[in-house]
Structure formats: structure tokens, C-alpha cells
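**Q** Below you'll find upload28.txt; it's compact mmCIF, C-alpha atoms.
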```txt
# COMPACT_ATOMS: atom_id res chain seq x y z
CA MET A 177 0.00 0.00 0.00
CA VAL A 178 2.93 2.34 0.64
CA LEU A 179 4.11 1.96 -2.96
CA ILE A 180 0.59 2.49 -4.27
CA PHE A 181 0.11 5.70 -2.30
CA VAL A 182 3.59 6.96 -3.22
CA SER A 183 3.07 6.30 -6.93
CA PHE A 184 -0.47 7.73 -6.97
CA GLY A 185 0.68 10.72 -4.90
CA ILE A 186 3.65 11.53 -7.12
CA GLN A 187 1.50 11.23 -10.25
CA LYS A 188 -0.86 13.91 -8.94
CA PHE A 189 1.92 16.47 -9.31
CA THR A 190 2.10 15.96 -13.09
CA PRO A 191 0.03 18.09 -15.48
CA GLN A 192 -1.39 14.98 -17.16
CA SER A 193 -2.71 13.54 -13.91
CA ALA A 194 -4.09 16.90 -12.81
CA GLN A 195 -6.03 17.14 -16.09
CA GLY A 196 -7.09 13.51 -15.82
CA ILE A 197 -8.71 13.82 -12.40
CA ALA A 198 -10.42 17.19 -12.95
CA LEU A 199 -13.54 15.56 -14.42
CA TYR A 200 -13.91 13.20 -11.45
CA ILE A 201 -13.44 15.98 -8.91
CA SER A 202 -15.89 18.35 -10.59
CA HIS A 203 -18.69 15.76 -10.32
CA SER A 204 -17.87 14.45 -6.86
CA PRO A 205 -20.34 15.27 -4.08
CA PHE A 206 -17.47 14.86 -1.60
CA ILE A 207 -14.51 16.78 -3.03
CA PHE A 208 -16.00 19.09 -5.67
CA TRP A 209 -14.97 22.02 -3.48
CA LEU A 210 -11.30 21.34 -4.29
CA SER A 211 -11.91 22.97 -7.68
CA VAL A 212 -11.55 26.39 -5.99
CA PHE A 213 -7.79 25.68 -6.00
CA GLY A 214 -7.70 25.18 -9.77
CA ILE A 215 -6.84 22.02 -11.64
CA ARG A 216 -3.21 21.91 -10.50
CA GLY A 217 -4.08 22.96 -6.94
CA GLU A 218 -6.69 20.26 -6.43
CA ALA A 219 -4.28 17.62 -7.78
CA ASP A 220 -1.45 18.93 -5.57
CA ILE A 221 -3.66 18.71 -2.48
CA LEU A 222 -4.69 15.15 -3.28
CA GLY A 223 -1.08 14.23 -4.03
CA ALA A 224 0.05 15.63 -0.68
CA ILE A 225 -2.68 13.67 1.10
CA GLU A 226 -1.67 10.44 -0.65
CA LEU A 227 2.01 10.97 0.18
CA THR A 228 1.04 11.68 3.80
CA ILE A 229 -0.89 8.40 3.92
CA ALA A 230 2.19 6.60 2.55
CA ALA A 231 4.39 8.18 5.24
CA LEU A 232 1.89 7.27 7.95
CA LEU A 233 1.78 3.68 6.68
CA VAL A 234 5.56 3.48 7.01
CA ALA A 235 5.40 4.88 10.55
CA GLY A 236 2.51 2.52 11.23
CA ALA A 237 4.85 -0.44 10.80
CA PHE A 238 6.22 0.57 14.20
CA ILE A 239 3.16 2.16 15.84
CA PRO A 240 -0.15 0.30 15.35
CA LEU A 241 -2.28 3.34 16.16
CA ILE A 242 -0.66 5.29 13.33
CA SER A 243 -1.18 2.27 11.08
CA ALA A 244 -4.89 2.35 11.94
CA LEU A 245 -5.07 6.08 11.18
CA ALA A 246 -3.33 5.62 7.83
CA ALA A 247 -5.53 2.65 6.91
CA PHE A 248 -8.65 4.64 7.81
CA MET A 249 -7.44 7.52 5.63
CA GLY A 250 -6.86 4.99 2.85
CA CYS A 251 -10.40 3.67 3.28
CA VAL A 252 -11.79 7.19 2.95
CA THR A 253 -9.60 7.85 -0.10
CA PHE A 254 -10.73 4.73 -1.94
CA ALA A 255 -14.37 5.14 -0.91
CA ILE A 256 -14.32 8.61 -2.44
CA THR A 257 -12.58 7.45 -5.62
CA TRP A 258 -14.97 4.50 -5.90
CA SER A 259 -17.85 7.00 -5.69
CA PHE A 260 -16.54 8.53 -8.95
CA PHE A 261 -17.76 5.34 -10.61
CA PHE A 262 -21.32 6.47 -9.87
CA THR A 263 -21.00 10.26 -10.03
CA THR A 264 -18.88 10.89 -13.14
CA PRO A 265 -20.96 11.04 -16.32
CA GLY A 266 -20.00 8.59 -19.02
CA VAL A 267 -18.11 6.13 -16.81
CA VAL A 268 -20.86 3.54 -16.76
CA LYS A 269 -23.78 2.85 -19.04
CA TRP A 270 -26.42 1.19 -16.86
CA SER A 271 -28.81 -1.04 -18.75
CA LEU A 272 -31.30 -3.82 -18.18
CA SER A 273 -30.08 -5.57 -21.33
CA THR A 274 -27.76 -8.56 -21.49
CA ASP A 275 -24.83 -6.28 -20.58
CA PRO A 276 -26.15 -4.59 -17.41
CA ILE A 277 -22.96 -2.74 -16.53
CA ALA A 278 -20.95 -1.59 -19.53
CA TRP A 279 -18.07 0.61 -18.44
CA ASN A 280 -15.39 2.31 -20.42
CA LEU A 281 -11.69 2.70 -19.62
CA MET A 282 -12.46 5.27 -16.89
CA GLY A 283 -14.73 2.74 -15.22
CA GLU A 284 -12.13 -0.01 -15.50
CA PHE A 285 -9.55 2.34 -13.97
CA LEU A 286 -11.83 3.05 -11.00
CA TYR A 287 -12.85 -0.57 -10.50
CA LYS A 288 -9.47 -1.43 -8.91
CA ASP A 289 -10.37 0.82 -5.99
CA ILE A 290 -12.69 -1.87 -4.61
CA ALA A 291 -9.71 -4.14 -3.95
CA LEU A 292 -7.58 -1.28 -2.60
CA PHE A 293 -10.43 -0.25 -0.30
CA ALA A 294 -10.71 -3.84 0.96
CA ILE A 295 -6.96 -3.99 1.64
CA CYS A 296 -7.20 -0.78 3.67
CA VAL A 297 -10.16 -2.19 5.64
CA VAL A 298 -8.18 -5.33 6.49
CA LEU A 299 -5.18 -3.23 7.50
CA PHE A 300 -7.40 -1.00 9.64
CA VAL A 301 -9.06 -3.93 11.43
CA THR A 302 -5.69 -5.65 11.91
CA SER A 303 -4.12 -2.47 13.30
CA ILE A 304 -7.00 -1.86 15.70
CA THR A 305 -6.96 -5.50 16.84
CA TYR A 306 -3.19 -5.46 17.30
CA ASN A 307 -3.39 -2.16 19.17
CA SER A 308 -6.03 -3.53 21.59
CA VAL A 309 -4.08 -6.73 22.17
CA ALA A 310 -0.87 -4.76 22.78
CA ARG A 311 -2.63 -2.58 25.37
CA ARG A 312 -3.87 -5.63 27.29
CA SER A 313 -0.36 -7.11 27.48
```
Would you mind giving the structure from this file in C-alpha cells?
**A**
Amino acid sequence: MVLIFVSFGIQKFTPQSAQGIALYISHSPFIFWLSVFGIRGEADILGAIELTIAALLVAGAFIPLISALAAFMGCVTFAITWSFFFTTPGVVKWSLSTDPIAWNLMGEFLYKDIALFAICVVLFVTSITYNSVARRS
């Protein structure tokens, strides 16, 4: 997860990534307000958050409470990005036909966030469990 957050975070500082996420952000009910910082500003903020999560995950290897915080932040991050699947126009074509969910490349890109969200949930639960066991010892 550290490598994922580092690579995603660094990418946010590139003009291509900033342009690429602008559509998602503008339609998000959760982070639409970031657009007040402009396309580069909103990407820079998200990049800084992702790099912070990566740093907290590294520190969390030694301090379970920090690991739980980082994993929770990861859960929030991937829940928000997964919401783009439903809020960004053109990502999914919902239909009652034989192909009920036809998504394009944007949808396929977002679909991975389900697995990343699940990994963060497992890390969060593990960190909380480890933290409670450590306190009892």
C-alpha cells in the first residue's frame, strides 16, 4: 500500500494527472470544493494527502495506532474514488439488457479501488486489533 500511495501521490503532481482527475473531482459530491484551488491545486492537495498516507503507513509499521489512522485515511480515499464510478458522467452505461454494466476505460480504472479499499479495511481492522491486544499485554 505504501508503494501504491507513493506512486499515486507523485502522479498527482504531473500536469497529465491533474487534467485527468479534474472531471472526477468536478462531479464528486465529496470533493467538488477542491476545484476552488484550480486544476493543479486540487491535484497537488490530493497528491500531498496520498504521500502523507504513505508516510503514515511506514510509521505505522512501528506504531499500530498510526497504522490504523493511515488505513482509515486509505479507506476514505478509496471510498471517495470509488464513488466517482457512480457520479462521473460517461463512466458507466447502466442497462437492463444482457450487458447490465458496460463501463469504459475510466470505469475499469476506478474498478481497482474496490480491492484497494478492501486492503485498507483489512489493515485498519488488523491495526485496531493489534493495538487492543498490545494494550492488554
**Q** Using all atoms listed in the file for the distances, tell me which of A:Leu245, A:Val267, A:Leu292, A:Ala198 is nearest to Phe181 in chain A.
**A** A:Leu292
**Q** Show which residues sit within 12 Å of Ala235 in chain A, as a PyMOL selection string. Count all atoms listed in the file, and ignore same-chain residues fewer than 4 positions away.
**A** chain A and resi 178+228-231+239-247
**Q** Compare A:Ile201, A:Val234, A:Ala219, A:Ala294 by their minimum atom-to-atom distance to Phe261 in chain A, counting all atoms listed in the file, and give me the closest one.
**A**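 Comparing A:Ile201, A:Val234, A:Ala219, A:Ala294 against Phe261 in chain A, the winner is A:Ile201.
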**Q** Which of these residues is nearest to Thr253 in chain A, using only C-alpha atoms: A:Phe238, A:Phe189, A:Phe213, A:Phe206?
**A** A:Phe206
**Q** Would you please work out which residue, of A:Asp289, A:Glu226, A:Ile215, A:Ser303, is nearest to Ser183 in chain A when using all atoms listed in the file?
**A**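 Looking at the shortest contact to Ser183 in chain A, the residue is A:Glu226.
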**Q** Choose the residue, out of A:Leu179, A:Ile304, A:Ile186, A:Ile256, that has the smallest atom-to-atom separation from Ile290 in chain A; count only C-alpha atoms.
**A** A:Ile256
